[in-house]
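> The structure under discussion is supplied below as structure tokens; questions concerning it will follow.
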Protein chains: 2
Amino acid sequence: MMRTRPLKVALLGCGVVGSEVTRIMTTHADDLTQRIGAPVELVGIAVRRPDRVREGVPAELITTDATALVKRDDVDVVVEVIGGIEPARSLITTAFEHGASVVSANKALLAQDGAALHAAAEQHGVDLYYEAAVAGAIPLVRPLRESLAGDKVNRVLGIVNGTTNFILDKMDSSGAGYSEALDEATALGYAEADPTADVEGFDAAAKAAILAGIAFHTRVRLDDVYREGMTEVTAADFASAKQMGCTIKLLAICERAADGRSVTARVHPAMIPLTHPLASVREAYNAVFIEADAAGQLMFYGPGAGGSPTASAVLGDLVAVCRNKVAEATGPGESAYTRLPVSTMGEVVTRYHISLDVADKPGVLAQVATVFAEHGVSIDTVRQQGKDGEASLVVVTHRAADAALSATVEALRKLDTVRGVASIMRVEGE
Amino acid sequence: MMRTRPLKVALLGCGVVGSEVTRIMTTHADDLTQRIGAPVELVGIAVRRPDRVREGVPAELITTDATALVKRDDVDVVVEVIGGIEPARSLITTAFEHGASVVSANKALLAQDGAALHAAAEQHGVDLYYEAAVAGAIPLVRPLRESLAGDKVNRVLGIVNGTTNFILDKMDSSGAGYSEALDEATALGYAEADPTADVEGFDAAAKAAILAGIAFHTRVRLDDVYREGMTEVTAADFASAKQMGCTIKLLAICERAADGRSVTARVHPAMIPLTHPLASVREAYNAVFIEADAAGQLMFYGPGAGGSPTASAVLGDLVAVCRNKVAEATGPGESAYTRLPVSTMGEVVTRYHISLDVADKPGVLAQVATVFAEHGVSIDTVRQQGKDGEASLVVVTHRAADAALSATVEALRKLDTVRGVASIMRVEGE
């Protein structure tokens, strides 16, 4: 039942991902035809710099007029790999208006305007797929949207940014400080010249917003995601983590509240036990845990970025939306029917690891313990260490609301006997 | 755009999985309605023993006439969780003939008759989904069929049987022998009274056949899968593995030949390095590595069996085929266009770990090394150990064709100086 009229594909962007998409569409054309049930033809590639040399990319397909390309009524699918909000958003909307389905790798745009884009796709009876927007080649969007569609997801916990994982892994294995590890990541091409989006957690927060929305069938905007970067993590923090049998990872955590009536989404560095599978995720790899009522604990692991892995995810979506076009159907759209409120970070229940520099005299521990008790925060363990007349107290708490934990820290700072708060880190994955 | 006429579902089998499917369909009815776009109604449950007490299962839905149930023209979807070849095959075929899509968890049937069933589904314009047939709740069928549809999969390597992994994990951690570990698995409900299907690798081989077919877009029948159980694995093998920095797992391995013109599928115990992520898969968990050209290495981990996880996979498929029914479309069917030949085990390229009991006299190593050389098998490492006048030689080879490796072992057995071959184990995952 092979259809002979080819499906026409327009590509927006031809950087690392776009050129890999082009290459695979050319070299694997026969396979794609078989898998879609129709030939697929690349009819145009919109770029900003048409004169740049792009090996293996047919020069006659290159255009600088992206708007004209997405307005072509013969285009069945638009693949958007330019990133950023504009002009990507306008181009995708125009593509929908002209009857094209869209495959996008644009996490920032999906996190910010996912609801509006989904509505536009539905209005025009076309598809919006974006597996590549979260964790590169690792299938996450499809498993959450489809494989777990009959289950109830309670938690998504993962490493979704390769750059920061590379840096933290270096700090852990070599004892290097943050800047030194960042320099190495930059030299090896794992970090961009301006690493802000990665190290400040913006990239991970966008992915957390997308994952939380799909997992809980609700809407979570980028602004709803609590975000803390990892630039303040020190070699001393890693030393403390090791003493606890832990390492430090930048985690994206999306949770359904115990009563099921709200959700939270957050990105911050946290200690996790070395026995946790996420602790052994090395270099720039990503891994995501999903906990669901019936399925239990699932983990997905793989390369979270890079041209080829991202292209693999884009092409998987391309095959899916092309099949839908052939069948004159659409895939699952947005499923945000629960409309659960997103709680603030203060309502998140977690644990703290706190290092305090304190006066080395009797009664300090009693004072400190009183402050915890007054805020309703229960202490799990305390370790006292003397050093040169000074002393340090390392406290690990039981689970408590983040607001209570941070109020405890504020009160501790006011004690005369507390010289300083050396570090505060959340503890997860237990 | 909610449809109000409910989709009607018939359930075949109401054991551990079926009763969990029933429970979730009842308790999560509203969620399923939202996710499908139409209400879904369980209209009949076919069982063999109608008098058995099944908590939470509506008695009025129970019937012993499965054939009449699947012949009902108002049934949209049939969920088959009875297992085995017959009557499952006839019932599924009848369901197709009466216009119903089918969700099945039946690995034995899919491995044996997948091609014919897919053809029947396509002929009648309905769906055949079976995520639950491979590795319980872990999404594998959908990622291979859909997420990686634009990529080229070269290898699938995994632990796909929880019972044997539980037994091997116990042997590894406690030093127990096979029978002792099997007894514990049976006592804890991880092994069935007759554990043959698990411990002899039949269950894993069926899954390997299904995975290889989907991964390589070809057909691999159960008979094409090389199968070796794990009942011969000894505590001494684990001791040898430890000396090599390895553990032993029962692996399912599906590979595309280097020239791309053939595939292999096999199930056997093998040593894998402790540093390999599969080495840390404990108890009855499953985990599968997928290696693809563009995506690189992906891993999927989770509970591979059990009522709830399997029900999660069944319900994910149920939502998908119901959505397709609402859209009057079908999902991706069989994609076996490559029709690649399946090579025999002799053509598989792998490594051997061989323990030999040898005479403790000069020249033995030279003799043994000559035998390897004559068969074109290159030696990686040799370790000699003396014990009470006897000596042992542990040889680890480089990669070679399995036929050359087994011919080498046969020739070694004929040497006067070789008293016996204590163990032979393949080495994978490097």
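As shown in the structure tokens, the chain order sets the letters A, B, ...; within each chain, residues go from 1, and ligands are also counted from 1 in the order they appear.
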In range 148-248 of chain B, what's strand (DSSP E or B) per DSSP? Answer as a list in words?
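The strand (DSSP E or B) residues within range 148-248 of chain B come out as Val153, Asn154, Arg155, Val156, Leu157, Gly158, Ile159, Tyr226, Arg227, Cys246, Thr247 and Ile248 of chain B.
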> Report chain A as a compact mmCIF listing (two decimals) with C-alpha atoms, in the first residue's frame in the frame of chain B, after least-squares superposition over all C-alpha atoms paired in order.

```
# COMPACT_ATOMS: atom_id res chain seq x y z
CA MET A 1 -13.85 17.05 20.47
CA MET A 2 -14.95 14.30 22.86
CA ARG A 3 -16.87 11.42 21.37
CA THR A 4 -19.65 10.19 23.66
CA ARG A 5 -20.30 6.70 22.31
CA PRO A 6 -17.99 4.49 24.33
CA LEU A 7 -15.35 2.26 22.81
CA LYS A 8 -16.08 -1.32 23.81
CA VAL A 9 -13.28 -3.50 25.12
CA ALA A 10 -13.27 -7.29 25.59
CA LEU A 11 -10.70 -8.84 27.90
CA LEU A 12 -9.39 -12.37 27.36
CA GLY A 13 -7.91 -13.70 30.59
CA CYS A 14 -8.27 -12.44 34.11
CA GLY A 15 -5.21 -13.63 36.02
CA VAL A 16 -2.64 -11.35 37.60
CA VAL A 17 -2.40 -9.04 34.58
CA GLY A 18 -6.06 -9.17 33.53
CA SER A 19 -7.42 -8.32 36.96
CA GLU A 20 -4.99 -5.40 37.20
CA VAL A 21 -6.11 -4.17 33.77
CA THR A 22 -9.73 -4.40 34.95
CA ARG A 23 -8.95 -2.54 38.16
CA ILE A 24 -7.17 0.33 36.41
CA MET A 25 -9.86 0.61 33.72
CA THR A 26 -12.38 1.05 36.52
CA THR A 27 -10.46 3.36 38.85
CA HIS A 28 -8.91 5.48 36.09
CA ALA A 29 -11.95 5.59 33.79
CA ASP A 30 -12.07 9.40 33.71
CA ASP A 31 -8.39 9.71 32.88
CA LEU A 32 -8.67 7.11 30.13
CA THR A 33 -11.67 8.94 28.66
CA GLN A 34 -9.72 12.19 28.54
CA ARG A 35 -6.65 10.59 27.05
CA ILE A 36 -8.52 8.63 24.39
CA GLY A 37 -11.08 11.27 23.51
CA ALA A 38 -13.94 8.87 24.17
CA PRO A 39 -15.20 6.79 27.09
CA VAL A 40 -14.00 3.22 27.18
CA GLU A 41 -16.19 0.40 28.46
CA LEU A 42 -15.25 -3.12 29.46
CA VAL A 43 -18.02 -5.29 27.98
CA GLY A 44 -16.84 -8.81 28.73
CA ILE A 45 -14.10 -10.83 30.38
CA ALA A 46 -13.46 -14.37 29.15
CA VAL A 47 -12.04 -16.77 31.71
CA ARG A 48 -11.60 -20.51 32.04
CA ARG A 49 -12.66 -20.73 35.68
CA PRO A 50 -15.70 -18.47 36.17
CA ASP A 51 -16.16 -19.43 39.83
CA ARG A 52 -12.79 -18.18 40.98
CA VAL A 53 -13.04 -15.16 43.28
CA ARG A 54 -11.67 -12.05 41.53
CA GLU A 55 -11.79 -9.02 43.76
CA GLY A 56 -12.93 -5.85 42.03
CA VAL A 57 -13.88 -7.68 38.84
CA PRO A 58 -17.58 -7.20 37.96
CA ALA A 59 -19.13 -10.69 38.04
CA GLU A 60 -21.68 -9.82 35.35
CA LEU A 61 -18.87 -9.33 32.79
CA ILE A 62 -17.43 -12.81 33.28
CA THR A 63 -18.01 -15.36 30.53
CA THR A 64 -16.44 -18.69 29.60
CA ASP A 65 -17.30 -18.26 25.91
CA ALA A 66 -14.28 -16.37 24.63
CA THR A 67 -15.16 -17.09 21.00
CA ALA A 68 -18.60 -15.52 21.31
CA LEU A 69 -17.03 -12.51 22.99
CA VAL A 70 -14.50 -11.82 20.20
CA LYS A 71 -17.22 -12.36 17.58
CA ARG A 72 -19.33 -9.50 18.96
CA ASP A 73 -19.39 -6.89 16.22
CA ASP A 74 -19.74 -4.06 18.75
CA VAL A 75 -16.36 -4.82 20.33
CA ASP A 76 -13.74 -2.25 19.27
CA VAL A 77 -10.69 -3.65 21.03
CA VAL A 78 -9.77 -7.09 22.35
CA VAL A 79 -7.12 -7.30 25.08
CA GLU A 80 -5.47 -10.73 25.14
CA VAL A 81 -3.62 -11.70 28.31
CA ILE A 82 -4.14 -15.46 28.36
CA GLY A 83 -0.75 -16.34 26.87
CA GLY A 84 0.27 -19.47 24.94
CA ILE A 85 -0.40 -20.26 21.30
CA GLU A 86 -3.94 -21.63 21.34
CA PRO A 87 -6.67 -20.58 21.84
CA ALA A 88 -5.03 -17.13 21.85
CA ARG A 89 -4.16 -17.21 18.13
CA SER A 90 -7.62 -18.24 16.98
CA LEU A 91 -9.29 -15.71 19.24
CA ILE A 92 -7.09 -12.86 18.01
CA THR A 93 -7.68 -13.85 14.37
CA THR A 94 -11.43 -13.97 14.96
CA ALA A 95 -11.27 -10.58 16.66
CA PHE A 96 -9.56 -9.10 13.60
CA GLU A 97 -12.20 -10.65 11.31
CA HIS A 98 -14.86 -8.90 13.34
CA GLY A 99 -13.15 -5.52 13.10
CA ALA A 100 -11.54 -5.33 16.52
CA SER A 101 -8.03 -4.10 17.15
CA VAL A 102 -5.97 -6.26 19.50
CA VAL A 103 -3.64 -5.51 22.40
CA SER A 104 -1.64 -8.58 23.38
CA ALA A 105 0.96 -9.42 26.02
CA ASN A 106 1.67 -12.78 24.38
CA LYS A 107 5.39 -13.07 23.60
CA ALA A 108 5.28 -16.75 22.63
CA LEU A 109 2.55 -16.17 20.07
CA LEU A 110 4.10 -12.99 18.66
CA ALA A 111 7.49 -14.68 18.35
CA GLN A 112 5.98 -17.66 16.55
CA ASP A 113 3.22 -16.13 14.42
CA GLY A 114 3.87 -12.40 14.43
CA ALA A 115 4.06 -12.15 10.64
CA ALA A 116 0.72 -13.91 10.05
CA LEU A 117 -1.00 -11.92 12.78
CA HIS A 118 0.33 -8.62 11.45
CA ALA A 119 -0.87 -9.58 7.97
CA ALA A 120 -4.34 -10.43 9.30
CA ALA A 121 -4.53 -7.13 11.21
CA GLU A 122 -3.54 -5.18 8.10
CA GLN A 123 -6.00 -7.09 5.95
CA HIS A 124 -8.85 -6.10 8.25
CA GLY A 125 -7.64 -2.54 8.78
CA VAL A 126 -7.12 -2.88 12.51
CA ASP A 127 -4.22 -2.60 14.95
CA LEU A 128 -2.07 -5.21 16.68
CA TYR A 129 -0.07 -3.73 19.59
CA TYR A 130 2.06 -5.73 22.01
CA GLU A 131 4.33 -3.54 24.14
CA ALA A 132 3.59 -5.79 27.15
CA ALA A 133 5.04 -8.84 25.37
CA VAL A 134 8.60 -7.62 25.87
CA ALA A 135 10.03 -6.51 29.22
CA GLY A 136 6.79 -5.59 30.99
CA ALA A 137 6.38 -1.88 31.60
CA ILE A 138 9.63 -0.88 29.92
CA PRO A 139 8.82 0.91 26.67
CA LEU A 140 10.81 -0.99 24.03
CA VAL A 141 8.44 -1.90 21.20
CA ARG A 142 7.24 1.70 20.79
CA PRO A 143 10.71 3.28 20.97
CA LEU A 144 12.00 0.79 18.40
CA ARG A 145 8.95 1.03 16.12
CA GLU A 146 8.46 4.77 16.41
CA SER A 147 11.14 6.80 18.21
CA LEU A 148 13.95 5.15 16.25
CA ALA A 149 11.97 4.90 13.00
CA GLY A 150 14.33 7.42 11.38
CA ASP A 151 17.50 5.76 12.62
CA LYS A 152 19.41 2.53 11.92
CA VAL A 153 19.57 0.15 14.87
CA ASN A 154 22.66 -2.05 14.93
CA ARG A 155 22.41 -3.86 18.22
CA VAL A 156 19.99 -4.72 21.00
CA LEU A 157 21.61 -6.15 24.12
CA GLY A 158 19.69 -6.76 27.27
CA ILE A 159 18.42 -8.58 30.30
CA VAL A 160 14.85 -9.45 29.37
CA ASN A 161 13.99 -12.16 31.90
CA GLY A 162 13.49 -11.21 35.54
CA THR A 163 13.47 -14.73 37.00
CA THR A 164 16.91 -15.63 35.70
CA ASN A 165 18.32 -12.25 36.61
CA PHE A 166 17.07 -12.73 40.16
CA ILE A 167 18.76 -16.15 40.33
CA LEU A 168 22.06 -14.95 38.83
CA ASP A 169 22.06 -11.87 41.08
CA LYS A 170 21.62 -14.14 44.14
CA MET A 171 24.43 -16.41 42.97
CA ASP A 172 26.65 -13.38 42.47
CA SER A 173 25.94 -11.70 45.77
CA SER A 174 25.76 -14.74 48.05
CA GLY A 175 28.01 -17.28 46.35
CA ALA A 176 25.07 -19.68 46.24
CA GLY A 177 24.83 -22.44 43.66
CA TYR A 178 22.14 -22.55 40.99
CA SER A 179 19.69 -24.86 42.81
CA GLU A 180 19.91 -22.93 46.04
CA ALA A 181 19.29 -19.62 44.26
CA LEU A 182 16.43 -21.16 42.26
CA ASP A 183 14.82 -22.36 45.50
CA GLU A 184 14.96 -18.86 46.90
CA ALA A 185 13.49 -17.41 43.71
CA THR A 186 10.67 -19.96 43.85
CA ALA A 187 9.98 -19.27 47.54
CA LEU A 188 9.76 -15.53 46.85
CA GLY A 189 7.47 -15.99 43.86
CA TYR A 190 10.06 -14.91 41.28
CA ALA A 191 10.20 -18.37 39.70
CA GLU A 192 7.28 -20.57 38.69
CA ALA A 193 6.83 -24.15 39.92
CA ASP A 194 8.11 -25.27 36.52
CA PRO A 195 10.82 -22.72 35.74
CA THR A 196 11.84 -24.28 32.41
CA ALA A 197 10.62 -21.42 30.18
CA ASP A 198 12.69 -18.96 32.15
CA VAL A 199 15.87 -20.84 33.10
CA GLU A 200 16.26 -22.56 29.72
CA GLY A 201 15.97 -19.20 27.96
CA PHE A 202 12.75 -19.87 26.01
CA ASP A 203 11.08 -16.75 27.39
CA ALA A 204 14.10 -14.57 26.59
CA ALA A 205 14.43 -16.14 23.14
CA ALA A 206 10.82 -15.22 22.27
CA LYS A 207 11.53 -11.63 23.31
CA ALA A 208 14.78 -11.63 21.33
CA ALA A 209 12.90 -12.76 18.21
CA ILE A 210 10.35 -9.96 18.62
CA LEU A 211 12.98 -7.30 19.35
CA ALA A 212 15.24 -8.36 16.47
CA GLY A 213 12.35 -8.27 14.01
CA ILE A 214 11.32 -4.75 15.02
CA ALA A 215 14.86 -3.41 15.39
CA PHE A 216 16.08 -4.58 12.00
CA HIS A 217 12.78 -4.30 10.07
CA THR A 218 12.91 -7.98 9.23
CA ARG A 219 11.45 -11.27 10.38
CA VAL A 220 13.13 -13.36 13.02
CA ARG A 221 11.32 -16.50 14.08
CA LEU A 222 11.74 -18.17 17.45
CA ASP A 223 13.61 -21.02 15.72
CA ASP A 224 16.14 -18.52 14.38
CA VAL A 225 17.22 -17.55 17.88
CA TYR A 226 20.20 -19.41 19.31
CA ARG A 227 19.28 -20.37 22.86
CA GLU A 228 21.31 -21.59 25.80
CA GLY A 229 19.83 -21.65 29.31
CA MET A 230 21.58 -20.73 32.54
CA THR A 231 21.14 -23.93 34.56
CA GLU A 232 24.78 -24.91 34.04
CA VAL A 233 26.19 -21.69 35.49
CA THR A 234 28.11 -22.54 38.65
CA ALA A 235 29.47 -20.73 41.68
CA ALA A 236 32.92 -21.45 40.18
CA ASP A 237 31.92 -19.53 37.04
CA PHE A 238 31.05 -16.54 39.21
CA ALA A 239 34.41 -16.85 40.97
CA SER A 240 36.15 -16.83 37.56
CA ALA A 241 34.03 -13.87 36.48
CA LYS A 242 35.01 -11.93 39.58
CA GLN A 243 38.69 -12.52 38.90
CA MET A 244 38.12 -10.89 35.52
CA GLY A 245 36.21 -7.95 36.98
CA CYS A 246 33.00 -9.35 35.53
CA THR A 247 29.65 -10.78 36.53
CA ILE A 248 27.38 -13.22 34.68
CA LYS A 249 24.03 -12.31 33.15
CA LEU A 250 21.62 -14.13 30.85
CA LEU A 251 21.68 -11.86 27.81
CA ALA A 252 19.49 -11.50 24.76
CA ILE A 253 21.63 -10.13 21.95
CA CYS A 254 20.34 -9.09 18.52
CA GLU A 255 22.94 -7.81 16.08
CA ARG A 256 23.16 -6.58 12.54
CA ALA A 257 26.27 -7.98 10.81
CA ALA A 258 29.04 -5.48 10.09
CA ASP A 259 28.24 -5.61 6.36
CA GLY A 260 24.56 -5.00 7.14
CA ARG A 261 23.46 -8.01 5.07
CA SER A 262 22.38 -10.37 7.84
CA VAL A 263 21.31 -10.38 11.47
CA THR A 264 21.72 -12.66 14.45
CA ALA A 265 19.70 -13.23 17.60
CA ARG A 266 20.84 -15.26 20.57
CA VAL A 267 20.22 -15.88 24.24
CA HIS A 268 22.92 -17.27 26.51
CA PRO A 269 24.70 -16.58 29.79
CA ALA A 270 27.71 -14.33 29.37
CA MET A 271 30.31 -12.52 31.42
CA ILE A 272 30.03 -8.75 31.30
CA PRO A 273 32.38 -6.25 32.96
CA LEU A 274 31.23 -4.84 36.29
CA THR A 275 31.62 -1.38 34.76
CA HIS A 276 28.92 -2.14 32.19
CA PRO A 277 25.54 -0.66 33.18
CA LEU A 278 23.86 -4.06 32.75
CA ALA A 279 26.10 -5.49 35.47
CA SER A 280 24.30 -3.42 38.10
CA VAL A 281 20.80 -4.55 37.11
CA ARG A 282 19.69 -6.29 40.28
CA GLU A 283 17.00 -8.74 41.32
CA ALA A 284 14.16 -9.22 38.84
CA TYR A 285 14.72 -5.95 36.97
CA ASN A 286 15.20 -5.85 33.21
CA ALA A 287 17.33 -3.48 31.16
CA VAL A 288 17.97 -3.21 27.45
CA PHE A 289 20.67 -1.37 25.52
CA ILE A 290 19.92 -0.20 22.01
CA GLU A 291 22.73 0.99 19.75
CA ALA A 292 21.77 3.02 16.72
CA ASP A 293 23.76 4.90 14.08
CA ALA A 294 22.58 8.40 14.95
CA ALA A 295 21.14 8.02 18.45
CA GLY A 296 24.21 6.25 19.84
CA GLN A 297 23.71 4.13 22.95
CA LEU A 298 20.35 4.20 24.70
CA MET A 299 19.36 2.20 27.76
CA PHE A 300 15.89 1.37 29.04
CA TYR A 301 15.47 0.00 32.56
CA GLY A 302 12.56 -1.09 34.72
CA PRO A 303 10.45 -3.95 36.08
CA GLY A 304 10.26 -6.58 33.37
CA ALA A 305 7.30 -8.52 34.68
CA GLY A 306 4.54 -8.56 37.27
CA GLY A 307 0.85 -7.77 37.13
CA SER A 308 0.99 -4.00 37.55
CA PRO A 309 3.92 -3.23 35.23
CA THR A 310 2.51 -5.50 32.52
CA ALA A 311 -0.92 -3.89 32.95
CA SER A 312 0.69 -0.46 32.53
CA ALA A 313 2.09 -1.51 29.16
CA VAL A 314 -1.25 -3.08 28.13
CA LEU A 315 -3.14 0.09 29.04
CA GLY A 316 -0.68 2.32 27.17
CA ASP A 317 -1.37 0.23 24.08
CA LEU A 318 -5.11 0.23 24.80
CA VAL A 319 -5.13 4.04 24.83
CA ALA A 320 -3.18 4.09 21.55
CA VAL A 321 -5.44 1.67 19.66
CA CYS A 322 -8.56 3.35 21.07
CA ARG A 323 -7.27 6.73 19.84
CA ASN A 324 -6.67 5.16 16.45
CA LYS A 325 -10.25 3.81 16.47
CA VAL A 326 -11.58 7.28 17.27
CA ALA A 327 -9.47 8.75 14.45
CA GLU A 328 -10.53 5.87 12.16
CA ALA A 329 -6.85 5.23 11.48
CA THR A 330 -4.33 2.55 12.34
CA GLY A 331 -0.88 2.81 13.84
CA PRO A 332 2.34 1.52 12.33
CA GLY A 333 1.99 -2.14 11.36
CA GLU A 334 4.70 -4.69 10.73
CA SER A 335 7.77 -3.19 9.10
CA ALA A 336 9.71 -6.20 7.84
CA TYR A 337 10.72 -4.89 4.44
CA THR A 338 14.43 -5.69 4.75
CA ARG A 339 13.92 -9.49 4.93
CA LEU A 340 17.49 -9.96 6.10
CA PRO A 341 18.71 -13.55 6.52
CA VAL A 342 19.37 -14.69 10.08
CA SER A 343 22.86 -16.13 10.47
CA THR A 344 23.57 -19.11 12.66
CA MET A 345 25.35 -18.97 16.00
CA GLY A 346 28.56 -20.20 14.36
CA GLU A 347 28.76 -16.93 12.42
CA VAL A 348 28.35 -14.74 15.50
CA VAL A 349 31.54 -12.91 16.42
CA THR A 350 32.17 -12.99 20.16
CA ARG A 351 34.79 -13.77 22.81
CA TYR A 352 35.27 -16.84 24.99
CA HIS A 353 36.45 -17.27 28.57
CA ILE A 354 37.69 -20.86 28.91
CA SER A 355 38.87 -22.63 32.08
CA LEU A 356 40.96 -25.74 31.44
CA ASP A 357 42.20 -28.33 33.93
CA VAL A 358 45.65 -29.27 32.62
CA ALA A 359 48.65 -31.40 33.52
CA ASP A 360 51.16 -29.40 35.57
CA LYS A 361 54.16 -29.86 33.31
CA PRO A 362 56.25 -27.78 30.90
CA GLY A 363 54.98 -27.23 27.37
CA VAL A 364 51.27 -27.35 28.15
CA LEU A 365 50.73 -23.67 27.49
CA ALA A 366 52.60 -23.98 24.18
CA GLN A 367 50.36 -26.90 23.14
CA VAL A 368 47.22 -25.06 24.09
CA ALA A 369 48.33 -21.87 22.36
CA THR A 370 49.05 -23.84 19.20
CA VAL A 371 45.49 -25.17 19.12
CA PHE A 372 44.10 -21.64 19.34
CA ALA A 373 46.46 -20.48 16.58
CA GLU A 374 45.51 -23.38 14.32
CA HIS A 375 41.87 -22.33 14.53
CA GLY A 376 42.65 -18.69 13.88
CA VAL A 377 41.55 -17.64 17.36
CA SER A 378 43.71 -14.96 18.93
CA ILE A 379 44.33 -15.12 22.67
CA ASP A 380 43.79 -11.96 24.75
CA THR A 381 45.01 -13.17 28.16
CA VAL A 382 46.11 -16.43 29.79
CA ARG A 383 46.27 -17.04 33.51
CA GLN A 384 47.99 -20.17 34.90
CA GLN A 385 47.17 -21.41 38.38
CA GLY A 386 48.69 -24.40 40.16
CA LYS A 387 46.60 -26.43 42.63
CA ASP A 388 47.71 -29.73 44.28
CA GLY A 389 49.87 -31.01 41.44
CA GLU A 390 47.13 -30.14 38.94
CA ALA A 391 47.06 -26.85 37.15
CA SER A 392 44.45 -24.71 35.54
CA LEU A 393 44.66 -22.42 32.55
CA VAL A 394 42.19 -19.60 32.10
CA VAL A 395 42.15 -18.26 28.56
CA VAL A 396 40.27 -15.22 27.35
CA THR A 397 40.17 -14.85 23.59
CA HIS A 398 39.88 -11.91 21.27
CA ARG A 399 36.79 -11.69 19.08
CA ALA A 400 36.33 -14.61 16.69
CA ALA A 401 33.52 -16.50 14.97
CA ASP A 402 31.66 -18.70 17.45
CA ALA A 403 32.24 -21.72 15.18
CA ALA A 404 36.01 -21.20 15.35
CA LEU A 405 35.82 -20.82 19.10
CA SER A 406 33.84 -24.01 19.61
CA ALA A 407 36.08 -25.94 17.20
CA THR A 408 39.04 -24.73 19.29
CA VAL A 409 37.39 -26.08 22.44
CA GLU A 410 36.73 -29.43 20.76
CA ALA A 411 40.39 -29.68 19.74
CA LEU A 412 41.53 -28.73 23.25
CA ARG A 413 39.43 -31.57 24.70
CA LYS A 414 41.48 -34.02 22.59
CA LEU A 415 44.86 -32.92 23.97
CA ASP A 416 46.40 -35.44 26.36
CA THR A 417 47.57 -32.66 28.60
CA VAL A 418 44.06 -31.20 28.95
CA ARG A 419 42.29 -33.14 31.71
CA GLY A 420 39.01 -31.32 31.24
CA VAL A 421 37.24 -28.15 30.20
CA ALA A 422 35.94 -26.72 33.46
CA SER A 423 33.89 -23.95 31.94
CA ILE A 424 33.25 -22.03 28.75
CA MET A 425 31.51 -18.70 28.87
CA ARG A 426 31.10 -15.97 26.28
CA VAL A 427 32.28 -12.47 27.19
CA GLU A 428 30.09 -9.56 26.07
CA GLY A 429 29.54 -5.88 26.61
CA GLU A 430 33.02 -4.58 25.94
```
> List every residue of range 312-370 of chain B that DSSP, applied to the backbone of this structure, assigns to helix (DSSP H, G or I), and report them as number ranges by chain.
B: 312-326, 345-347, 364-370
